[in-house]
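Coordinates from final_12.tsv are shown below (TSV, C-alpha atoms and all ligand atoms).
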chain	number	residue	atom	x	y	z
Q	23	MET	CA	0.00	0.00	0.00
Q	24	ALA	CA	1.09	3.59	0.51
Q	25	SER	CA	4.29	2.71	2.32
Q	26	GLY	CA	5.42	0.52	-0.54
Q	27	VAL	CA	7.17	-1.80	1.87
Q	28	ARG	CA	4.88	-4.76	1.56
Q	29	MET	CA	5.31	-6.93	-1.51
Q	30	SER	CA	1.87	-7.43	-2.98
Q	31	ARG	CA	0.77	-10.47	-4.89
Q	32	ASP	CA	-0.62	-10.06	-8.38
Q	33	TYR	CA	-4.24	-8.90	-8.10
Q	34	TYR	CA	-5.48	-11.41	-10.67
Q	35	GLU	CA	-3.72	-14.18	-8.79
Q	36	VAL	CA	-5.24	-13.03	-5.50
Q	37	LEU	CA	-8.76	-13.30	-6.92
Q	38	GLY	CA	-7.91	-16.42	-8.91
Q	39	VAL	CA	-9.14	-15.03	-12.23
Q	40	ALA	CA	-7.62	-14.80	-15.69
Q	41	ARG	CA	-6.17	-11.49	-16.86
Q	42	ASP	CA	-9.00	-11.13	-19.34
Q	43	ALA	CA	-11.69	-11.93	-16.78
Q	44	SER	CA	-14.97	-10.05	-17.21
Q	45	ASP	CA	-16.33	-7.68	-14.56
Q	46	ALA	CA	-18.87	-10.33	-13.63
Q	47	GLU	CA	-16.16	-12.96	-13.14
Q	48	ILE	CA	-14.12	-10.61	-10.98
Q	49	LYS	CA	-17.13	-9.77	-8.86
Q	50	LYS	CA	-18.03	-13.43	-8.50
Q	51	ALA	CA	-14.50	-14.41	-7.51
Q	52	PHE	CA	-14.36	-11.70	-4.87
Q	53	ARG	CA	-17.75	-12.63	-3.46
Q	54	ARG	CA	-16.65	-16.21	-3.10
Q	55	LEU	CA	-13.42	-15.23	-1.35
Q	56	ALA	CA	-15.19	-12.76	0.87
Q	57	ARG	CA	-17.66	-15.39	1.99
Q	58	GLU	CA	-14.84	-17.68	2.97
Q	59	LEU	CA	-12.98	-14.95	4.82
Q	60	HIS	CA	-15.96	-13.42	6.59
Q	61	PRO	CA	-14.50	-12.21	9.89
Q	62	ASP	CA	-17.36	-13.63	11.93
Q	63	VAL	CA	-16.75	-17.08	10.52
Q	64	ASN	CA	-13.06	-17.09	10.06
Q	65	SER	CA	-12.10	-15.75	13.48
Q	66	HIS	CA	-10.00	-18.89	14.00
Q	67	ASP	CA	-7.82	-18.26	10.96
Q	68	PRO	CA	-5.10	-15.79	11.96
Q	69	ASP	CA	-4.53	-14.89	8.32
Q	70	ALA	CA	-8.17	-14.25	7.45
Q	71	GLU	CA	-7.87	-10.54	8.07
Q	72	SER	CA	-4.82	-10.01	5.91
Q	73	LYS	CA	-6.23	-12.30	3.24
Q	74	PHE	CA	-9.46	-10.36	3.21
Q	75	LYS	CA	-7.62	-7.03	2.98
Q	76	GLU	CA	-5.58	-8.41	0.11
Q	77	ALA	CA	-8.70	-9.61	-1.71
Q	78	ALA	CA	-10.50	-6.32	-1.06
Q	79	GLU	CA	-7.52	-4.40	-2.41
Q	80	ALA	CA	-7.45	-6.53	-5.55
Q	81	TYR	CA	-11.19	-6.14	-6.02
Q	82	GLU	CA	-11.08	-2.39	-5.41
Q	83	VAL	CA	-8.66	-2.02	-8.31
Q	84	LEU	CA	-9.89	-4.65	-10.76
Q	85	SER	CA	-13.56	-3.69	-10.43
Q	86	ASP	CA	-12.76	-0.15	-11.57
Q	87	SER	CA	-12.06	-0.11	-15.32
Q	88	GLU	CA	-9.85	2.99	-15.12
Q	89	ARG	CA	-7.71	1.65	-12.29
Q	90	ARG	CA	-7.61	-1.79	-13.82
Q	91	ALA	CA	-6.25	-0.35	-17.07
Q	92	ILE	CA	-3.50	1.49	-15.15
Q	93	TYR	CA	-2.66	-1.64	-13.19
Q	94	ASP	CA	-2.51	-3.76	-16.37
Q	95	ARG	CA	-0.05	-1.34	-17.95
Q	96	TYR	CA	2.05	-0.09	-15.05
Q	97	GLY	CA	1.37	-2.42	-12.11
Q	98	GLN	CA	0.98	-1.30	-8.52
Q	99	GLU	CA	3.69	1.33	-8.92
Q	100	GLY	CA	1.50	2.99	-11.56
Q	101	LEU	CA	-1.45	3.07	-9.20
Q	102	ARG	CA	0.64	4.62	-6.44
Q	103	SER	CA	2.17	7.33	-8.56
Q	104	GLY	CA	-1.25	8.17	-9.98
Q	105	GLY	CA	-2.79	8.44	-6.53
Q	106	TYR	CA	-5.02	5.50	-7.34
Q	107	ALA	CA	-3.67	3.08	-4.76
Q	108	PRO	CA	-6.29	1.41	-2.59
Q	109	ASN	CA	-6.23	2.73	0.92
Q	110	PHE	CA	-7.87	0.83	3.70
Q	111	GLU	CA	-5.90	2.47	6.50
Q	112	SER	CA	-8.86	4.52	7.67
Q	113	PHE	CA	-10.73	1.35	8.55
Q	114	GLY	CA	-9.90	0.06	11.98
Q	115	SER	CA	-10.79	-3.59	11.73
Q	116	VAL	CA	-11.54	-5.99	8.99
Q	117	ALA	CA	-15.13	-6.05	10.22
Q	118	ASP	CA	-15.39	-2.33	9.48
Q	119	LEU	CA	-13.85	-2.88	6.10
Q	120	PHE	CA	-16.26	-5.65	5.47
Q	121	ASP	CA	-19.20	-3.50	6.33
Q	122	ALA	CA	-17.89	-0.74	4.11
Q	123	PHE	CA	-17.88	-3.13	1.21
Q	124	PHE	CA	-21.03	-5.04	1.85
Q	125	GLY	CA	-22.99	-3.38	4.55
Q	126	GLY	CA	-25.48	-0.56	4.63
Q	127	ALA	CA	-25.95	2.06	1.99
Q	128	GLY	CA	-23.22	2.62	-0.53
Q	129	GLY	CA	-21.75	-0.87	-0.60
Q	130	PRO	CA	-21.22	-2.06	-4.16
Q	131	PHE	CA	-23.41	-5.09	-3.57
Q	132	GLY	CA	-25.18	-5.26	-0.26
Q	133	ASP	CA	-26.56	-8.67	-1.04
Q	134	ILE	CA	-23.36	-10.65	-0.81
Q	135	PHE	CA	-24.74	-12.58	2.11
Q	136	GLY	CA	-28.23	-12.61	0.81
Q	137	THR	CA	-29.14	-9.64	2.95
Q	138	GLY	CA	-30.83	-7.74	0.17
Q	139	GLY	CA	-28.77	-4.67	0.93
Q	140	GLY	CA	-30.38	-4.01	4.28
Q	141	ARG	CA	-27.63	-5.47	6.41
Q	142	ALA	CA	-26.92	-2.50	8.62
Q	143	ALA	CA	-30.35	-0.95	8.80
Q	144	ALA	CA	-30.93	-0.32	12.49
Q	145	GLY	CA	-33.89	-2.09	14.00
Q	146	GLY	CA	-34.75	-3.91	10.74
Q	147	ARG	CA	-34.88	-7.61	10.15
Q	148	VAL	CA	-31.69	-8.71	8.49
Q	149	GLN	CA	-31.20	-11.99	6.74
Q	150	GLY	CA	-28.21	-14.06	7.79
Q	151	GLY	CA	-25.27	-14.61	5.50
Q	152	ASP	CA	-24.83	-17.56	3.19
Q	153	VAL	CA	-22.23	-20.23	3.89
Q	154	ALA	CA	-20.27	-21.75	1.02
Q	155	LEU	CA	-18.18	-24.89	1.31
Q	156	SER	CA	-17.17	-27.87	-0.75
Q	157	ALA	CA	-17.39	-31.63	-0.23
Q	158	GLU	CA	-15.61	-34.41	-2.07
Q	159	ILE	CA	-17.34	-37.62	-3.16
Q	160	SER	CA	-16.38	-40.70	-5.18
Q	161	LEU	CA	-17.63	-41.48	-8.66
Q	162	ALA	CA	-19.75	-44.29	-7.16
Q	163	ASP	CA	-21.40	-41.74	-4.85
Q	164	ALA	CA	-22.06	-39.51	-7.86
Q	165	LEU	CA	-23.63	-42.52	-9.62
Q	166	HIS	CA	-25.91	-43.65	-6.80
Q	167	GLY	CA	-26.37	-40.45	-4.86
Q	168	ALA	CA	-25.09	-40.12	-1.29
Q	169	SER	CA	-25.60	-38.53	2.04
Q	170	VAL	CA	-22.43	-36.54	2.66
Q	171	PRO	CA	-21.53	-35.25	6.12
Q	172	VAL	CA	-20.32	-31.65	6.24
Q	173	SER	CA	-19.12	-29.55	9.12
Q	174	PHE	CA	-18.70	-25.78	9.19
Q	175	GLU	CA	-18.75	-22.78	11.49
Q	176	ALA	CA	-21.91	-20.76	11.37
Q	177	ILE	CA	-23.25	-17.80	13.23
Q	178	GLU	CA	-26.10	-18.93	15.41
Q	179	MET	CA	-28.45	-16.95	17.58
Q	180	CYS	CA	-27.37	-16.90	21.22
Q	181	GLU	CA	-29.90	-18.93	23.17
Q	182	HIS	CA	-29.05	-17.34	26.51
Q	183	CYS	CA	-30.19	-13.84	25.52
Q	184	HIS	CA	-32.43	-14.92	22.62
Q	185	GLY	CA	-30.33	-12.80	20.33
Q	186	ASN	CA	-30.84	-9.40	21.91
Q	187	GLY	CA	-27.39	-9.30	23.55
Q	188	ALA	CA	-28.60	-8.36	27.01
Q	189	GLU	CA	-28.21	-10.49	30.10
Q	190	PRO	CA	-31.77	-11.73	30.71
Q	191	GLY	CA	-33.72	-9.31	32.87
Q	192	THR	CA	-31.50	-6.27	32.15
Q	193	PRO	CA	-32.52	-3.21	30.07
Q	194	ILE	CA	-31.37	-2.28	26.54
Q	195	GLU	CA	-30.52	1.36	25.86
Q	196	THR	CA	-29.95	3.57	22.83
Q	197	CYS	CA	-26.29	3.56	21.72
Q	198	GLU	CA	-24.61	6.84	22.65
Q	199	ARG	CA	-21.83	6.61	20.10
Q	200	CYS	CA	-24.04	6.53	17.00
Q	201	GLY	CA	-27.15	8.06	18.54
Q	202	GLY	CA	-29.12	4.96	17.72
Q	203	SER	CA	-28.54	5.01	13.96
Q	204	GLY	CA	-26.18	2.03	14.09
Q	205	GLN	CA	-23.83	3.65	11.58
Q	206	LEU	CA	-20.71	5.73	11.66
Q	207	ARG	CA	-19.25	7.65	8.77
Q	208	ALA	CA	-15.75	6.71	7.69
Q	209	VAL	CA	-13.76	8.88	5.31
Q	210	THR	CA	-11.84	7.22	2.50
Q	211	ARG	CA	-9.44	8.83	0.09
Q	212	THR	CA	-10.22	7.93	-3.51
Q	213	PRO	CA	-9.14	9.27	-6.92
Q	214	PHE	CA	-12.18	11.50	-6.82
Q	215	GLY	CA	-11.41	13.02	-3.47
Q	216	GLN	CA	-12.65	12.09	-0.04
Q	217	VAL	CA	-15.66	9.85	0.06
Q	218	MET	CA	-17.86	9.20	3.04
Q	219	ARG	CA	-18.68	5.60	3.65
Q	220	ALA	CA	-21.09	4.16	6.14
Q	221	ALA	CA	-19.57	1.65	8.50
Q	222	ALA	CA	-21.30	-0.20	11.28
Q	223	CYS	CA	-20.97	1.45	14.68
Q	224	ASP	CA	-18.19	-0.22	16.63
Q	225	VAL	CA	-20.01	0.05	19.95
Q	226	CYS	CA	-23.43	-1.37	19.06
Q	227	GLY	CA	-22.36	-3.28	15.96
Q	228	GLY	CA	-25.02	-1.60	13.83
Q	229	ASP	CA	-27.87	-2.33	16.16
Q	230	GLY	CA	-28.35	1.23	17.43
Q	231	ARG	CA	-29.01	-0.17	20.87
Q	232	VAL	CA	-26.71	-1.54	23.52
Q	233	PRO	CA	-27.52	-3.75	26.45
Q	234	LYS	CA	-26.82	-2.14	29.81
Q	235	GLU	CA	-25.43	-5.46	30.92
Q	236	PRO	CA	-24.09	-7.56	28.03
Q	237	CYS	CA	-25.03	-11.22	27.85
Q	238	ASP	CA	-22.47	-13.40	29.59
Q	239	VAL	CA	-22.51	-16.05	26.91
Q	240	CYS	CA	-22.16	-14.00	23.72
Q	241	ARG	CA	-20.68	-10.85	25.32
Q	242	GLY	CA	-23.53	-8.77	23.96
Q	243	ARG	CA	-23.35	-9.72	20.30
Q	244	GLY	CA	-26.58	-11.71	20.40
Q	245	ARG	CA	-24.99	-14.25	18.11
Q	246	LYS	CA	-22.20	-16.74	18.46
Q	247	VAL	CA	-20.16	-18.91	16.17
Q	248	GLU	CA	-20.87	-22.62	16.42
Q	249	ARG	CA	-19.69	-25.69	14.59
Q	250	VAL	CA	-22.59	-27.15	12.65
Q	251	LYS	CA	-22.64	-30.73	11.42
Q	252	LEU	CA	-25.20	-31.99	8.97
Q	253	SER	CA	-25.70	-34.38	6.09
Q	254	VAL	CA	-26.14	-33.15	2.57
Q	255	ASP	CA	-28.19	-35.27	0.17
Q	256	VAL	CA	-26.32	-35.50	-3.09
Q	257	PRO	CA	-28.58	-36.56	-5.97
Q	258	PRO	CA	-27.50	-39.31	-8.41
Q	259	GLY	CA	-25.86	-37.90	-11.52
Q	260	ILE	CA	-24.21	-34.87	-9.96
Q	261	ALA	CA	-21.12	-33.64	-11.80
Q	262	ASP	CA	-17.89	-32.23	-10.46
Q	263	GLY	CA	-18.26	-28.55	-9.54
Q	264	GLN	CA	-22.04	-28.49	-9.25
Q	265	GLN	CA	-23.56	-26.74	-6.26
Q	266	ILE	CA	-26.30	-27.79	-3.90
Q	267	ARG	CA	-28.25	-25.09	-2.08
Q	268	ILE	CA	-29.81	-25.82	1.26
Q	269	ALA	CA	-32.14	-23.00	2.14
Q	270	GLY	CA	-31.98	-21.65	5.67
Q	271	ARG	CA	-28.88	-23.54	6.80
Q	272	GLY	CA	-26.47	-20.59	6.56
Q	273	HIS	CA	-25.78	-17.95	9.20
Q	274	ALA	CA	-28.56	-16.93	11.55
Q	275	GLY	CA	-30.37	-13.69	10.75
Q	276	GLU	CA	-30.37	-10.64	12.98
Q	277	ARG	CA	-33.30	-9.18	14.85
Q	278	GLY	CA	-35.67	-11.89	13.72
Q	279	GLY	CA	-34.48	-12.00	10.12
Q	280	PRO	CA	-34.34	-15.35	8.30
Q	281	SER	CA	-31.19	-17.43	8.12
Q	282	GLY	CA	-28.97	-17.42	5.07
Q	283	ASP	CA	-28.47	-20.42	2.83
Q	284	LEU	CA	-25.83	-23.12	2.69
Q	285	TYR	CA	-24.13	-23.76	-0.64
Q	286	VAL	CA	-22.17	-26.99	-1.00
Q	287	GLN	CA	-20.02	-27.35	-4.05
Q	288	ILE	CA	-19.53	-31.02	-4.91
Q	289	ARG	CA	-16.12	-32.21	-6.04
Q	290	VAL	CA	-16.22	-35.63	-7.67
Q	291	ARG	CA	-12.90	-37.41	-7.15
Q	292	GLU	CA	-11.32	-38.58	-10.37
Q	293	ASP	CA	-11.56	-42.29	-11.05
Q	294	PRO	CA	-8.47	-43.43	-12.95
Q	295	ARG	CA	-10.54	-45.98	-14.88
Q	296	PHE	CA	-12.93	-43.51	-16.47
Q	297	VAL	CA	-13.23	-40.22	-18.19
Q	298	ARG	CA	-16.63	-38.62	-17.82
Q	299	ASP	CA	-18.24	-37.06	-20.85
Q	300	GLY	CA	-21.58	-35.60	-19.85
Q	301	ASP	CA	-23.65	-38.59	-18.76
Q	302	ASP	CA	-21.37	-41.03	-20.58
Q	303	LEU	CA	-18.31	-42.72	-19.15
Q	304	VAL	CA	-15.39	-43.57	-21.38
Q	305	THR	CA	-12.88	-46.31	-20.68
Q	306	VAL	CA	-10.18	-48.21	-22.60
Q	307	VAL	CA	-9.51	-51.94	-22.95
Q	308	ASP	CA	-6.34	-53.48	-24.34
Q	309	VAL	CA	-6.92	-56.28	-26.86
Q	310	ALA	CA	-4.03	-58.18	-28.48
Q	311	ALA	CA	-4.02	-57.73	-32.26
Q	312	PRO	CA	-4.59	-61.44	-33.06
Q	313	LEU	CA	-7.60	-61.48	-30.70
Q	314	ALA	CA	-9.00	-58.32	-32.27
Q	315	ALA	CA	-8.76	-60.16	-35.59
Q	316	LEU	CA	-10.32	-63.38	-34.28
Q	317	GLY	CA	-12.87	-61.82	-31.96
Q	318	THR	CA	-12.84	-62.38	-28.20
Q	319	THR	CA	-14.53	-61.56	-24.90
Q	320	VAL	CA	-12.98	-59.13	-22.40
Q	321	GLN	CA	-13.79	-57.87	-18.91
Q	322	VAL	CA	-14.65	-54.18	-18.80
Q	323	PRO	CA	-14.86	-52.16	-15.57
Q	324	THR	CA	-18.08	-50.38	-14.69
Q	325	VAL	CA	-18.27	-48.05	-11.69
Q	326	ASP	CA	-19.44	-50.83	-9.37
Q	327	ALA	CA	-18.29	-54.07	-10.96
Q	328	GLU	CA	-17.07	-55.60	-14.20
Q	329	VAL	CA	-19.04	-56.75	-17.22
Q	330	GLU	CA	-18.20	-58.98	-20.14
Q	331	LEU	CA	-17.89	-57.35	-23.50
Q	332	GLU	CA	-17.73	-59.15	-26.78
Q	333	ILE	CA	-15.08	-57.84	-29.14
Q	334	PRO	CA	-16.28	-58.73	-32.64
Q	335	ALA	CA	-13.85	-60.34	-35.07
Q	336	GLY	CA	-12.05	-57.70	-37.11
Q	337	THR	CA	-12.31	-54.90	-34.52
Q	338	GLN	CA	-9.98	-52.07	-35.53
Q	339	PRO	CA	-7.71	-49.92	-33.28
Q	340	HIS	CA	-9.67	-47.22	-31.37
Q	341	GLU	CA	-13.01	-48.56	-32.41
Q	342	VAL	CA	-15.60	-47.62	-29.81
Q	343	LEU	CA	-18.02	-50.21	-28.44
Q	344	VAL	CA	-21.00	-48.95	-26.47
Q	345	ILE	CA	-22.44	-50.62	-23.38
Q	346	ARG	CA	-25.87	-49.09	-22.95
Q	347	GLY	CA	-26.94	-47.82	-19.56
Q	348	GLU	CA	-23.61	-48.24	-17.76
Q	349	GLY	CA	-22.86	-44.52	-17.71
Q	350	MET	CA	-24.06	-41.90	-15.21
Q	351	PRO	CA	-27.72	-41.10	-14.56
Q	352	ALA	CA	-28.91	-37.76	-15.89
Q	353	LEU	CA	-29.38	-35.32	-13.03
Q	354	ARG	CA	-32.84	-34.11	-13.96
Q	355	ALA	CA	-34.14	-36.69	-16.40
Q	356	ARG	CA	-35.05	-40.35	-16.38
Q	357	ARG	CA	-32.27	-41.61	-18.52
Q	358	THR	CA	-28.82	-43.03	-18.02
Q	359	GLY	CA	-25.71	-42.48	-20.07
Q	360	ASN	CA	-23.63	-45.18	-21.72
Q	361	LEU	CA	-20.22	-46.67	-21.12
Q	362	ARG	CA	-18.11	-46.14	-24.22
Q	363	VAL	CA	-15.26	-48.61	-24.51
Q	364	VAL	CA	-12.32	-47.62	-26.68
Q	365	VAL	CA	-10.54	-50.73	-28.00
Q	366	ASN	CA	-6.79	-50.29	-27.80
Q	367	VAL	CA	-5.41	-52.92	-30.16
Q	368	VAL	CA	-2.03	-53.96	-28.81
Q	369	VAL	CA	0.51	-55.22	-31.30
Q	370	PRO	CA	2.60	-58.04	-29.70
Q	371	LYS	CA	6.27	-57.31	-29.02
Q	372	HIS	CA	9.28	-59.42	-27.97
Q	373	LEU	CA	8.20	-62.40	-30.11
Q	374	ASN	CA	9.93	-65.75	-29.57
Q	375	ARG	CA	11.04	-67.79	-32.55
Q	376	HIS	CA	7.86	-69.86	-32.74
Q	377	GLN	CA	5.62	-66.78	-32.59
Q	378	HIS	CA	7.76	-65.10	-35.17
Q	379	GLU	CA	7.30	-68.02	-37.54
Q	380	LEU	CA	3.56	-68.10	-37.02
Q	381	LEU	CA	3.22	-64.40	-37.72
Q	382	GLU	CA	5.43	-64.67	-40.77
Q	383	GLN	CA	3.18	-67.38	-42.08
Q	384	LEU	CA	0.13	-65.26	-41.33
Q	385	ALA	CA	1.64	-62.17	-42.94
Q	386	GLY	CA	2.55	-64.16	-46.03
Q	387	SER	CA	-0.98	-65.45	-46.37
Q	388	LEU	CA	-2.76	-62.08	-46.09
Q	389	THR	CA	-4.48	-60.84	-49.20
Q	390	GLU	CA	-6.05	-57.57	-50.23
Q	391	HIS	CA	-9.37	-59.01	-49.13
Q	392	ASN	CA	-8.17	-59.34	-45.49
Q	393	LEU	CA	-7.03	-55.73	-45.25
Q	394	ARG	CA	-9.60	-53.83	-47.24
Q	395	THR	CA	-11.63	-51.28	-45.28
Q	396	ASP	CA	-14.46	-49.05	-46.37
Q	397	GLU	CA	-12.98	-46.09	-44.58
Q	398	GLY	CA	-11.15	-43.32	-46.36
Q	399	VAL	CA	-8.14	-41.52	-44.92
Q	400	PHE	CA	-10.32	-39.09	-42.98
Q	401	GLY	CA	-12.37	-41.86	-41.42
Q	402	LYS	CA	-9.24	-43.63	-40.22
Q	403	LEU	CA	-7.75	-40.45	-38.81
Q	404	ARG	CA	-10.96	-39.56	-37.03
Q	405	ARG	CA	-10.94	-42.94	-35.32
Q	406	ALA	CA	-7.28	-42.59	-34.37
Q	407	PHE	CA	-7.89	-39.21	-32.75
Q	408	GLY	CA	-10.99	-40.26	-30.90
Q	409	GLY	CA	-13.45	-38.20	-32.95
V	501	ZN	ZN	-23.88	2.51	18.01
V	502	ZN	ZN	-26.23	-13.84	24.38
I need this file expressed as structure tokens, please.
Ligand SMILES: [Zn+2]
Ligand SMILES: [Zn+2]
Amino acid sequence: MASGVRMSRDYYEVLGVARDASDAEIKKAFRRLARELHPDVNSHDPDAESKFKEAAEAYEVLSDSERRAIYDRYGQEGLRSGGYAPNFESFGSVADLFDAFFGGAGGPFGDIFGTGGGRAAAGGRVQGGDVALSAEISLADALHGASVPVSFEAIEMCEHCHGNGAEPGTPIETCERCGGSGQLRAVTRTPFGQVMRAAACDVCGGDGRVPKEPCDVCRGRGRKVERVKLSVDVPPGIADGQQIRIAGRGHAGERGGPSGDLYVQIRVREDPRFVRDGDDLVTVVDVAAPLAALGTTVQVPTVDAEVELEIPAGTQPHEVLVIRGEGMPALRARRTGNLRVVVNVVVPKHLNRHQHELLEQLAGSLTEHNLRTDEGVFGKLRRAFGG
């Protein structure tokens, strides 16, 4: 930042986006990071604050086309010399910074946690934030569907004070620091001069009211972070990277607002035996060249077991045989993909004398009739390259 002492990482790298990422991609990447680094959730990670500041800095620059152009051409040095460098020094804590970005009026997108922009409105019902996490399953689980246990930290309402932050039986008073508005104005330097930003009041936390005697259990916050364990039902046919939304299982709302949602991104572990192509699975079997000529039966893996597959006489290298219905189920339709078996014709090597003689005899006996195919050059190439 302004001091120039700290070595900053590349902004694109920080957000995990390509250099030609669209505004929407940049915004999405930052939202995802911000969810993970939410200070209420990530209080156990000592690096969460610096990581969030880093992400916010990257977003501040890359979301502004003018600053992004300067950064692309001249790097951070260019931003500094142009007076465009992000400056978060005026924000005391990462929670303040967070609120400046997402909370109250003036945040670029108040709905990051599904709050509909009303996060800091004093006295209003505020929806809780969403929780995003990922869970890994096997290909067999993706085939059959599974119940996957997940565990995460979520903000829950404090049961001792029922969320109002006051020790039961003690009064709640108007916050003196913000006069009950729940917001303080923070001044930020920007390329366009000083800009006022609303940040949540550090005394009442945006509530506008403070308990005279804070709740012993939650120290007056009305909410506390708890580890939540639950099972997520993963439907058959899910693909790697798809997301499951569980309504109402995110962070608790404030002042009677509804809870946020839980988003679980499913990672399907790679199975070395298969490549997935939509609802189809693709595998390879090795067949010795003489057997491909004669025809044979081979064992082919399916996700759960093995099946027999007949290799017809005269099967050519890379020919694809289809086993119907042994692929993956379609996620939202009553159909199942196929298992496509690529035949890898293996030409024998290291022949002994006897084998050599046999093959010589065979080679000598072959005629044009044995080798003729109906395919042209393009057909053969297409097969060789898996088209
Ligand atoms: Zn206050
Ligand atoms: Zn409490």
Task: Selection within 9 Å of ligand ZN 501 (chain V) by all atoms listed in the file, output as a PyMOL selection string - done: chain Q and resi 196-206+222-232
Store the residues picked out above in a file with C-alpha atoms, as an mmCIF file, in the frame of the given file.
data_model
loop_
_atom_site.group_PDB
_atom_site.id
_atom_site.type_symbol
_atom_site.label_atom_id
_atom_site.label_comp_id
_atom_site.auth_asym_id
_atom_site.auth_seq_id
_atom_site.Cartn_x
_atom_site.Cartn_y
_atom_site.Cartn_z
ATOM 1 C CA THR Q 196 -29.950 3.570 22.830
ATOM 2 C CA CYS Q 197 -26.290 3.560 21.720
ATOM 3 C CA GLU Q 198 -24.610 6.840 22.650
ATOM 4 C CA ARG Q 199 -21.830 6.610 20.100
ATOM 5 C CA CYS Q 200 -24.040 6.530 17.000
ATOM 6 C CA GLY Q 201 -27.150 8.060 18.540
ATOM 7 C CA GLY Q 202 -29.120 4.960 17.720
ATOM 8 C CA SER Q 203 -28.540 5.010 13.960
ATOM 9 C CA GLY Q 204 -26.180 2.030 14.090
ATOM 10 C CA GLN Q 205 -23.830 3.650 11.580
ATOM 11 C CA LEU Q 206 -20.710 5.730 11.660
ATOM 12 C CA ALA Q 222 -21.300 -0.200 11.280
ATOM 13 C CA CYS Q 223 -20.970 1.450 14.680
ATOM 14 C CA ASP Q 224 -18.190 -0.220 16.630
ATOM 15 C CA VAL Q 225 -20.010 0.050 19.950
ATOM 16 C CA CYS Q 226 -23.430 -1.370 19.060
ATOM 17 C CA GLY Q 227 -22.360 -3.280 15.960
ATOM 18 C CA GLY Q 228 -25.020 -1.600 13.830
ATOM 19 C CA ASP Q 229 -27.870 -2.330 16.160
ATOM 20 C CA GLY Q 230 -28.350 1.230 17.430
ATOM 21 C CA ARG Q 231 -29.010 -0.170 20.870
ATOM 22 C CA VAL Q 232 -26.710 -1.540 23.520
#
Task: Nearby polymer residues, ligand ZN 502 (chain V), at most 9 Å, all atoms listed in the file, as JSON, numbers by chain - done: {"Q": [179, 180, 181, 182, 183, 184, 185, 186, 187, 188, 189, 190, 236, 237, 238, 239, 240, 241, 242, 243, 244, 245, 246]}
TODO: Would you work out the distance separating CA of Ser156 (chain Q) from CA of Arg289 (chain Q), expressed in Å to one decimal?
DONE: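 Answer for the CA of Ser156 (chain Q) to CA of Arg289 (chain Q) separation: 6.9 Å.
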- [ ] Enter the distance from CA of Arg219 (chain Q) to CA of Phe74 (chain Q), in Å, rounded to one decimal.
- [x]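 According to the coordinates, CA of Arg219 (chain Q) and CA of Phe74 (chain Q) are separated by 18.4 Å.
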Open item on the list: I need the residue nearest Gln287 (chain Q) from this list: Q:Gly347, Q:Leu381, Q:Val153, Q:Arg356. Use all atoms listed in the file for the distance.
Closed with: Q:Val153
May I have the residues at most 12 Å from (-16.5, -11.5, -9.5) in the file's coordinates, counting all atoms listed in the file, as an mmCIF file with C-alpha atoms, in the frame of the given file?
data_model
loop_
_atom_site.group_PDB
_atom_site.id
_atom_site.type_symbol
_atom_site.label_atom_id
_atom_site.label_comp_id
_atom_site.auth_asym_id
_atom_site.auth_seq_id
_atom_site.Cartn_x
_atom_site.Cartn_y
_atom_site.Cartn_z
ATOM 1 C CA TYR Q 34 -5.480 -11.410 -10.670
ATOM 2 C CA LEU Q 37 -8.760 -13.300 -6.920
ATOM 3 C CA GLY Q 38 -7.910 -16.420 -8.910
ATOM 4 C CA VAL Q 39 -9.140 -15.030 -12.230
ATOM 5 C CA ALA Q 40 -7.620 -14.800 -15.690
ATOM 6 C CA ALA Q 43 -11.690 -11.930 -16.780
ATOM 7 C CA SER Q 44 -14.970 -10.050 -17.210
ATOM 8 C CA ASP Q 45 -16.330 -7.680 -14.560
ATOM 9 C CA ALA Q 46 -18.870 -10.330 -13.630
ATOM 10 C CA GLU Q 47 -16.160 -12.960 -13.140
ATOM 11 C CA ILE Q 48 -14.120 -10.610 -10.980
ATOM 12 C CA LYS Q 49 -17.130 -9.770 -8.860
ATOM 13 C CA LYS Q 50 -18.030 -13.430 -8.500
ATOM 14 C CA ALA Q 51 -14.500 -14.410 -7.510
ATOM 15 C CA PHE Q 52 -14.360 -11.700 -4.870
ATOM 16 C CA ARG Q 53 -17.750 -12.630 -3.460
ATOM 17 C CA ARG Q 54 -16.650 -16.210 -3.100
ATOM 18 C CA LEU Q 55 -13.420 -15.230 -1.350
ATOM 19 C CA ALA Q 56 -15.190 -12.760 0.870
ATOM 20 C CA ALA Q 77 -8.700 -9.610 -1.710
ATOM 21 C CA ALA Q 78 -10.500 -6.320 -1.060
ATOM 22 C CA ALA Q 80 -7.450 -6.530 -5.550
ATOM 23 C CA TYR Q 81 -11.190 -6.140 -6.020
ATOM 24 C CA GLU Q 82 -11.080 -2.390 -5.410
ATOM 25 C CA LEU Q 84 -9.890 -4.650 -10.760
ATOM 26 C CA SER Q 85 -13.560 -3.690 -10.430
ATOM 27 C CA PRO Q 130 -21.220 -2.060 -4.160
ATOM 28 C CA PHE Q 131 -23.410 -5.090 -3.570
ATOM 29 C CA ILE Q 134 -23.360 -10.650 -0.810
#
Open item on the list: Just checking: using only C-alpha atoms, which residue out of Q:Glu276, Q:Asp32, Q:Glu178, Q:Glu328 ends up closest to Val250 (chain Q)?
Closed with: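 Of Q:Glu276, Q:Asp32, Q:Glu178, Q:Glu328, the one nearest Val250 (chain Q) is Q:Glu178, counting only C-alpha atoms.
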Open item on the list: Just checking: using all atoms listed in the file, which residue out of Q:Ile268, Q:Ile92, Q:Val254, Q:Val247 ends up closest to Ala157 (chain Q)?
Closed with: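 The answer is Q:Val254, which sits nearest to Ala157 (chain Q).
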